[in-house]
$ cat upload_22.cif   # mmCIF, C-alpha atoms
data_my_file
loop_
_atom_site.label_atom_id
_atom_site.label_comp_id
_atom_site.auth_asym_id
_atom_site.auth_seq_id
_atom_site.Cartn_x
_atom_site.Cartn_y
_atom_site.Cartn_z
CA MET M 28 -84.31 136.06 41.11
CA LYS M 29 -83.23 138.29 38.22
CA ALA M 30 -80.05 138.01 36.18
CA VAL M 31 -78.48 141.19 34.80
CA ILE M 32 -76.28 140.77 31.73
CA LEU M 33 -73.90 143.46 30.49
CA CYS M 34 -74.40 143.61 26.71
CA GLY M 35 -73.23 147.08 25.79
CA GLY M 36 -69.52 146.88 24.95
CA LYS M 37 -68.18 147.49 21.46
CA GLY M 38 -66.10 144.30 21.24
CA THR M 39 -63.29 145.99 19.31
CA ARG M 40 -61.05 142.92 19.63
CA MET M 41 -63.60 140.92 17.62
CA SER M 42 -64.13 143.37 14.78
CA GLU M 43 -64.71 140.55 12.27
CA VAL M 44 -68.09 140.09 13.97
CA THR M 45 -68.79 143.31 15.83
CA GLU M 46 -68.75 145.64 12.84
CA ALA M 47 -72.25 144.31 12.17
CA LEU M 48 -73.39 142.89 15.52
CA PRO M 49 -72.90 143.45 19.24
CA LYS M 50 -70.54 140.83 20.68
CA PRO M 51 -73.25 138.99 22.70
CA LEU M 52 -74.87 138.08 19.35
CA ALA M 53 -71.73 136.37 18.03
CA MET M 54 -72.82 132.85 17.14
CA ILE M 55 -71.88 129.58 18.80
CA GLY M 56 -73.43 126.97 16.56
CA ASP M 57 -76.82 128.35 15.57
CA ARG M 58 -77.37 130.46 18.71
CA PRO M 59 -75.63 133.61 20.01
CA ILE M 60 -73.37 133.73 23.07
CA LEU M 61 -76.12 135.56 24.93
CA TRP M 62 -78.57 132.69 24.40
CA HIS M 63 -76.06 130.21 25.83
CA ILE M 64 -75.60 132.39 28.92
CA MET M 65 -79.34 132.70 29.44
CA LYS M 66 -79.79 128.93 29.09
CA ILE M 67 -77.22 128.41 31.87
CA TYR M 68 -79.20 130.68 34.17
CA GLN M 69 -82.49 129.09 33.11
CA TYR M 70 -81.20 125.67 34.15
CA TYR M 71 -80.87 127.03 37.69
CA GLY M 72 -84.37 128.49 37.73
CA VAL M 73 -83.64 132.06 36.63
CA ASP M 74 -86.05 133.17 33.92
CA GLU M 75 -86.13 136.96 34.36
CA PHE M 76 -83.37 138.93 32.66
CA ILE M 77 -82.30 142.56 32.43
CA LEU M 78 -80.09 143.15 29.40
CA LEU M 79 -77.98 146.30 29.68
CA LEU M 80 -77.69 147.46 26.08
CA GLY M 81 -75.31 149.89 24.40
CA TYR M 82 -73.49 149.35 21.11
CA LYS M 83 -75.95 148.07 18.48
CA GLY M 84 -78.45 147.25 21.19
CA GLU M 85 -81.29 147.33 18.68
CA LYS M 86 -79.88 144.14 17.15
CA ILE M 87 -80.39 142.32 20.46
CA LYS M 88 -83.99 143.57 20.62
CA GLU M 89 -84.57 142.41 17.05
CA TYR M 90 -83.16 138.96 17.79
CA PHE M 91 -85.59 138.30 20.62
CA LEU M 92 -88.56 139.94 18.91
CA ASN M 93 -88.04 137.49 16.04
CA TYR M 94 -86.99 134.58 18.24
CA ASP M 95 -90.21 132.57 18.33
CA TRP M 96 -90.88 132.27 14.61
CA GLN M 97 -87.19 131.81 13.78
CA HIS M 98 -86.62 128.94 16.22
CA HIS M 99 -89.97 127.14 16.27
CA SER M 100 -92.09 125.23 13.82
CA MET M 101 -95.36 127.07 13.24
CA GLN M 102 -98.78 127.00 11.64
CA LEU M 103 -100.09 130.03 9.76
CA ASP M 104 -103.71 130.53 8.73
CA MET M 105 -103.35 132.72 5.65
CA ALA M 106 -107.06 133.59 5.69
CA THR M 107 -107.07 135.04 9.20
CA GLY M 108 -103.39 135.82 9.71
CA GLU M 109 -103.43 133.71 12.87
CA MET M 110 -100.07 132.15 13.71
CA LYS M 111 -99.60 129.23 16.10
CA LEU M 112 -96.17 128.21 17.33
CA LEU M 113 -95.46 124.51 17.69
CA GLY M 114 -93.29 123.12 20.46
CA LYS M 115 -92.14 124.48 23.80
CA LYS M 116 -91.46 128.20 24.10
CA GLU M 117 -88.96 129.87 26.41
CA ASN M 118 -90.61 131.35 29.50
CA TRP M 119 -88.17 134.23 29.73
CA LYS M 120 -89.18 137.72 30.79
CA ILE M 121 -86.66 140.16 29.36
CA THR M 122 -86.13 143.86 30.08
CA PHE M 123 -84.10 145.59 27.37
CA LEU M 124 -82.50 148.62 29.01
CA ASP M 125 -80.78 151.15 26.74
CA THR M 126 -77.88 152.44 28.85
CA GLY M 127 -75.90 154.41 26.26
CA GLU M 128 -73.34 153.40 23.69
CA ASN M 129 -70.33 154.80 25.60
CA THR M 130 -71.45 154.10 29.18
CA MET M 131 -69.10 152.04 31.35
CA THR M 132 -70.07 148.94 33.32
CA GLY M 133 -70.80 150.65 36.64
CA GLY M 134 -72.84 153.33 34.91
CA ARG M 135 -74.89 150.71 33.11
CA LEU M 136 -75.57 148.77 36.30
CA LYS M 137 -76.56 151.92 38.19
CA GLN M 138 -79.23 152.65 35.56
CA ALA M 139 -80.79 149.24 36.26
CA GLN M 140 -81.34 149.92 39.97
CA ASP M 141 -85.05 150.78 39.69
CA TYR M 142 -85.71 147.70 37.56
CA ILE M 143 -83.89 145.35 39.92
CA GLY M 144 -85.64 146.54 43.05
CA ASP M 145 -84.74 145.75 46.63
CA GLU M 146 -83.61 142.18 46.09
CA THR M 147 -80.47 140.13 45.59
CA PHE M 148 -79.69 139.51 41.92
CA MET M 149 -77.15 137.85 39.66
CA MET M 150 -74.97 139.62 37.13
CA THR M 151 -72.50 138.63 34.45
CA TYR M 152 -70.92 139.76 31.20
CA GLY M 153 -72.36 139.00 27.78
CA ASP M 154 -69.25 137.20 26.55
CA GLY M 155 -68.41 134.62 29.23
CA LEU M 156 -69.34 130.95 29.56
CA ALA M 157 -68.83 128.54 32.45
CA ASN M 158 -70.26 125.41 34.03
CA ILE M 159 -70.66 127.18 37.38
CA ASN M 160 -73.15 125.68 39.81
CA MET M 161 -75.33 128.73 40.46
CA PHE M 162 -76.88 127.10 43.53
CA HIS M 163 -73.43 126.82 45.12
CA LEU M 164 -72.56 130.38 44.06
CA LEU M 165 -75.73 131.72 45.68
CA LYS M 166 -75.16 129.70 48.86
CA ARG M 167 -71.64 131.11 49.10
CA HIS M 168 -73.08 134.61 48.89
CA GLN M 169 -75.69 133.88 51.54
CA ASP M 170 -73.25 132.14 53.90
CA LEU M 171 -70.69 134.95 53.88
CA GLY M 172 -73.26 137.76 53.92
CA ALA M 173 -71.24 140.21 51.84
CA ALA M 174 -72.72 142.88 49.58
CA ALA M 175 -71.18 141.18 46.54
CA THR M 176 -69.83 137.78 45.60
CA VAL M 177 -67.62 137.35 42.54
CA THR M 178 -66.64 134.11 40.86
CA GLY M 179 -62.88 133.68 41.09
CA ILE M 180 -60.97 131.79 38.40
CA GLU M 181 -57.36 130.69 38.90
CA LYS M 182 -55.30 131.49 35.82
CA LYS M 183 -52.84 133.83 34.18
CA SER M 184 -54.64 136.69 32.54
CA GLN M 185 -54.88 140.39 31.85
CA TYR M 186 -58.11 140.49 33.88
CA GLY M 187 -58.52 141.93 37.35
CA THR M 188 -56.88 139.84 40.07
CA LEU M 189 -58.17 139.06 43.55
CA LYS M 190 -56.26 138.38 46.73
CA VAL M 191 -58.45 136.01 48.73
CA TYR M 192 -58.37 134.99 52.41
CA ASN M 193 -61.03 132.83 54.07
CA GLY M 194 -63.37 133.31 51.15
CA MET M 195 -63.22 137.11 51.21
CA ALA M 196 -61.40 139.41 48.80
CA GLN M 197 -58.62 141.29 50.55
CA SER M 198 -57.99 143.41 47.48
CA PHE M 199 -59.05 143.77 43.84
CA SER M 200 -56.70 145.00 41.12
CA GLU M 201 -58.09 145.43 37.64
CA LYS M 202 -56.14 144.36 34.53
CA THR M 203 -52.85 143.11 35.92
CA ASP M 204 -50.77 140.61 33.96
CA SER M 205 -50.06 137.94 36.53
CA ILE M 206 -51.01 134.49 37.76
CA GLY M 207 -53.72 134.59 40.35
CA MET M 208 -57.43 134.51 41.08
CA ILE M 209 -59.17 136.58 38.42
CA ASN M 210 -62.61 138.13 38.09
CA GLY M 211 -64.61 135.52 36.19
CA GLY M 212 -67.86 137.46 36.20
CA PHE M 213 -70.95 135.55 37.40
CA PHE M 214 -71.65 137.77 40.41
CA VAL M 215 -74.30 137.65 43.09
CA LEU M 216 -75.07 141.17 44.28
CA SER M 217 -77.23 142.61 47.03
CA PRO M 218 -78.90 146.03 46.69
CA LYS M 219 -76.16 147.42 48.96
CA VAL M 220 -73.84 147.32 45.95
CA PHE M 221 -75.61 150.36 44.49
CA ASP M 222 -74.17 152.43 47.34
CA TYR M 223 -70.77 151.86 45.74
CA LEU M 224 -71.85 153.10 42.30
CA THR M 225 -72.19 156.66 41.07
CA ASP M 226 -74.56 158.16 38.52
CA ASP M 227 -71.58 158.99 36.32
CA ASP M 228 -71.76 157.13 33.01
CA GLN M 229 -68.00 156.66 33.24
CA CYS M 230 -68.22 154.69 36.50
CA VAL M 231 -66.31 151.43 35.96
CA PHE M 232 -67.66 148.64 38.15
CA GLU M 233 -64.33 146.78 38.06
CA ALA M 234 -62.37 149.83 39.30
CA GLU M 235 -63.30 151.80 42.44
CA PRO M 236 -66.58 150.00 43.23
CA LEU M 237 -65.04 146.53 43.44
CA GLN M 238 -61.87 147.87 45.04
CA ASN M 239 -63.91 149.66 47.72
CA LEU M 240 -66.11 146.60 48.30
CA ALA M 241 -62.95 144.55 48.90
CA ASN M 242 -61.49 147.22 51.19
CA ASP M 243 -64.72 147.26 53.23
CA GLY M 244 -64.84 143.47 53.58
CA GLU M 245 -67.96 143.34 51.39
CA LEU M 246 -66.61 141.30 48.45
CA ALA M 247 -66.86 137.53 48.85
CA VAL M 248 -65.32 135.06 46.41
CA TYR M 249 -66.74 131.83 45.04
CA GLU M 250 -63.82 129.84 43.66
CA HIS M 251 -64.69 127.95 40.48
CA HIS M 252 -62.30 125.26 39.27
CA GLY M 253 -64.34 123.93 36.35
CA PHE M 254 -64.74 125.19 32.81
CA TRP M 255 -64.65 128.94 32.20
CA THR M 256 -63.90 131.09 29.18
CA ALA M 257 -64.20 134.69 28.08
CA ILE M 258 -64.80 135.19 24.37
CA ASP M 259 -62.70 138.28 23.71
CA THR M 260 -61.34 137.68 20.22
CA TYR M 261 -62.37 136.03 16.97
CA LYS M 262 -59.84 133.29 17.80
CA ASN M 263 -61.67 132.61 21.09
CA LEU M 264 -64.98 132.46 19.20
CA LYS M 265 -63.58 129.99 16.69
CA GLU M 266 -62.21 127.77 19.48
CA ILE M 267 -65.60 127.67 21.21
CA ASN M 268 -67.36 126.91 17.94
CA ASP M 269 -64.91 124.05 17.31
CA MET M 270 -65.78 122.67 20.75
CA TRP M 271 -69.49 122.96 19.97
CA THR M 272 -69.09 121.19 16.63
CA ASP M 273 -67.04 118.40 18.24
CA GLY M 274 -69.70 117.86 20.90
CA LYS M 275 -67.40 119.09 23.69
CA GLN M 276 -69.66 121.64 25.39
CA PRO M 277 -68.75 121.82 29.08
CA TRP M 278 -70.82 124.97 29.62
CA LYS M 279 -73.97 123.20 28.38
CA VAL M 280 -75.49 122.30 31.73
CA TRP M 281 -79.09 122.33 30.39
#
$ encode --input "upload_22.cif" --output "structure tokens"
Amino acid sequence: MKAVILCGGKGTRMSEVTEALPKPLAMIGDRPILWHIMKIYQYYGVDEFILLLGYKGEKIKEYFLNYDWQHHSMQLDMATGEMKLLGKKENWKITFLDTGENTMTGGRLKQAQDYIGDETFMMTYGDGLANINMFHLLKRHQDLGAAATVTGIEKKSQYGTLKVYNGMAQSFSEKTDSIGMINGGFFVLSPKVFDYLTDDDQCVFEAEPLQNLANDGELAVYEHHGFWTAIDTYKNLKEINDMWTDGKQPWKVW
């Protein structure tokens, strides 16, 4: 199964970092947010990723092109130029898909359709961490048979809220300031979801597509009551780094 990660936003609320780097490369300890997300998926057997790039996407390419020698011990034969990495390497297969600097989330996802193929896949945002059991999330999706399953988080937030009945979303309202079940990312999506997307770069996945999926009874909800956070601001990033330094890393399931 593939995991699609949205990595293209400009992260304007974290300008201390994002003037130089895309937000998914903001560091937690000595690894970027994106690495932590991919390690969560890897723990559950997902090792093929499609990264939907936009703002400073070349920096994400550079990070992974340099990953092996930066994060492994190595031997170098100066006479032949032969390099041998020491230790276990990641077995990730990564597709870096340039989707445009100003493209919205639905437009980015639509561009990935040919690379995803006719199979169910996972999707999340490049700035969220959680200790979600992906096996349970996938089973929820399979049991309810909807086109899409979203992870619901109970909290007060500016994020999109879900009204849920018997595990299905009755409605989806994006960016309301209220207490309720919010969109926590970490989706499971079937190919049918592409029928709800347009080729318009300004298609916002969290607007009409999710609203229409809910209206059609095609948006299931997996309720997660464990750890979850979205890293939206520099303050959020500092808080997560403090947790990492203190050894309190609830998202570290690997």
$ closest_residue --input "upload_22.cif" --among "M:Met54, M:Glu235, M:Gly81, M:Val248" --to "Glu128 in chain M" --atoms "only C-alpha atoms"
M:Gly81
$ closest_residue --input "upload_22.cif" --among "M:Asn93, M:Gln69, M:Thr147, M:Thr107" --to "Pro218 in chain M" --atoms "all atoms listed in the file"
M:Thr147
$ resolve_selection --input "upload_22.cif" --expression "the PyMOL selection byres ((chain M and resi 28-38) around 7)" --output "JSON, numbers by chain"
{"M": [39, 40, 41, 42, 45, 49, 50, 51, 73, 75, 76, 77, 78, 79, 80, 81, 82, 84, 128, 148, 149, 150, 151, 152, 153]}
$ atom_distance --input "upload_22.cif" --atom1 "CA of Gly127 in chain M" --atom2 "CA of Phe213 in chain M"
22.5 Å
$ resolve_selection --input "upload_22.cif" --expression "the PyMOL selection byres ((chain M and resi 62) around 12)" --output "number ranges by chain"
M: 32, 34, 51-61, 63-69, 76, 78, 87, 90-91, 94, 117, 119, 153-156, 279, 281
$ atom_distance --input "upload_22.cif" --atom1 "CA of Asp95 in chain M" --atom2 "CA of Asn118 in chain M"
11.2 Å
$ resolve_selection --input "upload_22.cif" --expression "the PyMOL selection byres ((chain M and resi 171-183) around 9)" --output "ChimeraX atom specification"
/M:159,164-170,184-186,188-189,194-195,204-220,237,240,244-253,255
$ write_last_selection --input "upload_22.cif" --atoms "C-alpha atoms" --output "PDB file, in the coordinates of the input"
ATOM      1  CA  ILE M 159     -70.660 127.180  37.380  1.00  0.00           C
ATOM      2  CA  LEU M 164     -72.560 130.380  44.060  1.00  0.00           C
ATOM      3  CA  LEU M 165     -75.730 131.720  45.680  1.00  0.00           C
ATOM      4  CA  LYS M 166     -75.160 129.700  48.860  1.00  0.00           C
ATOM      5  CA  ARG M 167     -71.640 131.110  49.100  1.00  0.00           C
ATOM      6  CA  HIS M 168     -73.080 134.610  48.890  1.00  0.00           C
ATOM      7  CA  GLN M 169     -75.690 133.880  51.540  1.00  0.00           C
ATOM      8  CA  ASP M 170     -73.250 132.140  53.900  1.00  0.00           C
ATOM      9  CA  SER M 184     -54.640 136.690  32.540  1.00  0.00           C
ATOM     10  CA  GLN M 185     -54.880 140.390  31.850  1.00  0.00           C
ATOM     11  CA  TYR M 186     -58.110 140.490  33.880  1.00  0.00           C
ATOM     12  CA  THR M 188     -56.880 139.840  40.070  1.00  0.00           C
ATOM     13  CA  LEU M 189     -58.170 139.060  43.550  1.00  0.00           C
ATOM     14  CA  GLY M 194     -63.370 133.310  51.150  1.00  0.00           C
ATOM     15  CA  MET M 195     -63.220 137.110  51.210  1.00  0.00           C
ATOM     16  CA  ASP M 204     -50.770 140.610  33.960  1.00  0.00           C
ATOM     17  CA  SER M 205     -50.060 137.940  36.530  1.00  0.00           C
ATOM     18  CA  ILE M 206     -51.010 134.490  37.760  1.00  0.00           C
ATOM     19  CA  GLY M 207     -53.720 134.590  40.350  1.00  0.00           C
ATOM     20  CA  MET M 208     -57.430 134.510  41.080  1.00  0.00           C
ATOM     21  CA  ILE M 209     -59.170 136.580  38.420  1.00  0.00           C
ATOM     22  CA  ASN M 210     -62.610 138.130  38.090  1.00  0.00           C
ATOM     23  CA  GLY M 211     -64.610 135.520  36.190  1.00  0.00           C
ATOM     24  CA  GLY M 212     -67.860 137.460  36.200  1.00  0.00           C
ATOM     25  CA  PHE M 213     -70.950 135.550  37.400  1.00  0.00           C
ATOM     26  CA  PHE M 214     -71.650 137.770  40.410  1.00  0.00           C
ATOM     27  CA  VAL M 215     -74.300 137.650  43.090  1.00  0.00           C
ATOM     28  CA  LEU M 216     -75.070 141.170  44.280  1.00  0.00           C
ATOM     29  CA  SER M 217     -77.230 142.610  47.030  1.00  0.00           C
ATOM     30  CA  PRO M 218     -78.900 146.030  46.690  1.00  0.00           C
ATOM     31  CA  LYS M 219     -76.160 147.420  48.960  1.00  0.00           C
ATOM     32  CA  VAL M 220     -73.840 147.320  45.950  1.00  0.00           C
ATOM     33  CA  LEU M 237     -65.040 146.530  43.440  1.00  0.00           C
ATOM     34  CA  LEU M 240     -66.110 146.600  48.300  1.00  0.00           C
ATOM     35  CA  GLY M 244     -64.840 143.470  53.580  1.00  0.00           C
ATOM     36  CA  GLU M 245     -67.960 143.340  51.390  1.00  0.00           C
ATOM     37  CA  LEU M 246     -66.610 141.300  48.450  1.00  0.00           C
ATOM     38  CA  ALA M 247     -66.860 137.530  48.850  1.00  0.00           C
ATOM     39  CA  VAL M 248     -65.320 135.060  46.410  1.00  0.00           C
ATOM     40  CA  TYR M 249     -66.740 131.830  45.040  1.00  0.00           C
ATOM     41  CA  GLU M 250     -63.820 129.840  43.660  1.00  0.00           C
ATOM     42  CA  HIS M 251     -64.690 127.950  40.480  1.00  0.00           C
ATOM     43  CA  HIS M 252     -62.300 125.260  39.270  1.00  0.00           C
ATOM     44  CA  GLY M 253     -64.340 123.930  36.350  1.00  0.00           C
ATOM     45  CA  TRP M 255     -64.650 128.940  32.200  1.00  0.00           C
TER      46      TRP M 255
END
$ atom_distance --input "upload_22.cif" --atom1 "CA of Val231 in chain M" --atom2 "CA of Met131 in chain M"
5.4 Å
$ closest_residue --input "upload_22.cif" --among "M:Phe221, M:Ala157, M:Tyr71, M:Leu103" --to "Ile258 in chain M" --atoms "all atoms listed in the file"
M:Ala157
$ closest_residue --input "upload_22.cif" --among "M:Asp226, M:Glu46, M:Glu266, M:Asp259" --to "Lys137 in chain M" --atoms "all atoms listed in the file"
M:Asp226
$ residues_near_point --input "upload_22.cif" --point "(-94.2, 126.5, 24.0)" --cutoff "12 Å" --atoms "all atoms listed in the file" --output "list in words"
Asp95, Trp96, His98, His99, Ser100, Met101, Lys111, Leu112, Leu113, Gly114, Lys115, Lys116, Glu117, Asn118 and Trp119 of chain M
